[in-house]
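Chemist: I am attaching a structure below and will ask some questions about it afterwards.
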Amino acid sequence: MDENIRPSALSRDDERLLVKYADTIITEDGAQVPAAAEVLAQIICSTPPELVENIYKLQPTKRLIVVTHSTMATDLANVLARSLTENYFALYAGGNWYADAALEEIRSLNSKLIDDAGNEISIAEELIPGIFASADGRILASEGMLTELGGEKLRSKHFQDNWGTLLPAQYNMDTLAKEDITFKTRTFAVANLIKQIQKRGDDTLPVPERTLVFGAGHCLVTEWETPRDKDAALRRLIFLTLFSAEERGDALASMLPVLAEADTLPEAFLADLERIFVNGAPCSFRKWSNIIDRLILDYEELGVLKGGAAE
């Protein structure tokens with residue numbers, strides 16, 4: 001295939017992916033193996049015909065990386081690569097990778113997961129680091145992404161090792177909060193974050209860039225930080241959650257377009273937002289907790305709490 005005869009600009013992640021799936025390196029004697037692949041078993045070939053023979057023998061059942069330095073061996077390897085229709089090998093020649101076809105195939109393999117029942121789930125895109133959407137719109141959390149939302153264990157289809165978690169069905173791409181998220185849902189999200197912070201009971205806060213909000217206000221936090229200034233970090237987190245913007249010199253400019261679309265907002269809460277973000281009043285975590293608790297009580301009295309996720 002043509003993809004195999006053009007040098008590929010590989011990132012370190014690409015190299016790691018090639019090495020992760022490779023079984024063996026076939027190396028022309030004297031060629032320099034890329035550092036990322038030195039952990040793999042090698043077959044060293046003293047002549048180009050020997051290298052070709054080993055590729056022919058192993059390629060049908062093994063995923064290979066072929067390393068060459070001479071023009072003849074490189075040309076022969078590329079001729080072989082163009083004849084393949086599957087199980088492409090990656091070629092490393094003279095410091096350049098020729099691996100587009102191999103990477104495309106490996107990425108497809110790497111996207112295939114299975115649940116305990118053997119059902120296949122395919123990764124479609126990464127939403128934030130460690131959190132993915134499947135081809136059918138489900139949300140997937142990779143291993144180590146501890147969530148408050150539970151879910152079902154997933155394994156890599158290729159390696160059969162633990163991959164992560166399939167979140168419960170109600171947390172999906174359709175229920176993920178979109179750009180037109182209502183302000184009421186934004187306030188439910190803040191309430192949910194406050195509850196998660198209280199539950200942890202330490203000095204950490206959610207990292208805003210590692211937080212997803214769902215339509216009912218549930219938040220998926222995949223990374224927590226210990227800020228130097230907890231009040232300032234909490235202020236940023238809440239402003240971002242409420243207004244999808246950083247708090248700048250003229251905070252009101254970011255607030256007004258969002259508040260203009262809001263309805264049934266308690267006056268006391270609006271007054272709190274004005275006092276803190278417009279007038280610059282300090283606000284500790286304890287004060288924010290009280291503000292949000294009072295907001296939820298006001299929502300209950302106004303009859304608009306149904307469907308929210310304060311807990």
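Simple scheme: letters A, B, ... for chains in structure tokens order, numbers from 1 for residues in each chain, numbers from 1 for ligands in the order shown.
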Check which residues of region 83-192 of chain A sit at most 8 Å from region 23-44 of chain A using only C-alpha atoms, and return one row each with the closest pair of atoms and their distance in Å to one decimal, ordered by chain and rising number, as JSON lines.

Modeler:
```
{"residue": "A:Tyr92", "atom": "CA", "partner": "A:Pro34", "partner_atom": "CA", "distance": 7.8}
{"residue": "A:Gly94", "atom": "CA", "partner": "A:Ala31", "partner_atom": "CA", "distance": 7.9}
{"residue": "A:Gly95", "atom": "CA", "partner": "A:Pro34", "partner_atom": "CA", "distance": 7.9}
```

Chemist: Go ahead and write the residues just picked, N, CA, C and O atoms, as an mmCIF file, in the first residue's frame.

Modeler:
```
data_model
loop_
_atom_site.group_PDB
_atom_site.id
_atom_site.type_symbol
_atom_site.label_atom_id
_atom_site.label_comp_id
_atom_site.auth_asym_id
_atom_site.auth_seq_id
_atom_site.Cartn_x
_atom_site.Cartn_y
_atom_site.Cartn_z
ATOM 1 N N TYR A 92 11.074 0.704 10.193
ATOM 2 C CA TYR A 92 11.924 1.785 10.704
ATOM 3 C C TYR A 92 13.219 1.720 9.932
ATOM 4 O O TYR A 92 14.005 0.782 10.071
ATOM 5 N N GLY A 94 16.611 3.943 8.547
ATOM 6 C CA GLY A 94 17.417 5.151 8.545
ATOM 7 C C GLY A 94 16.884 6.257 9.429
ATOM 8 O O GLY A 94 17.014 7.443 9.112
ATOM 9 N N GLY A 95 16.261 5.894 10.541
ATOM 10 C CA GLY A 95 15.737 6.895 11.464
ATOM 11 C C GLY A 95 14.333 7.373 11.138
ATOM 12 O O GLY A 95 13.790 8.222 11.852
#
```

Chemist: Leu176 (chain A): which residues within 12 Å, counting only C-alpha atoms, same-chain residues fewer than 6 positions away excluded, as a list in words?

Modeler: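 Result of the neighbour search: Leu127, Ala133, Gly137, Arg138, Ile139, Ala169, Gln170, Thr185, Ala189, Thr211, Leu212, Val213, Phe214, Gly215, Ala216, Gly217, His218, Cys219 and Leu220 of chain A.
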
Chemist: At what distance in Å, to one decimal, does CA of Arg200 (chain A) lie from CA of Ile131 (chain A)?

Modeler: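 CA of Ile131 (chain A) sits 21.2 Å away from CA of Arg200 (chain A).
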
Chemist: Do you have the CA of Met145 (chain A)-CA of Thr187 (chain A) distance handy?

Modeler: 24.5 Å

Chemist: Running DSSP on the backbone, which parts of region 183-273 of chain A land in strand (DSSP E or B), as a ChimeraX atom specification?

Modeler: /A:205-206,211-214,219-221,224-225
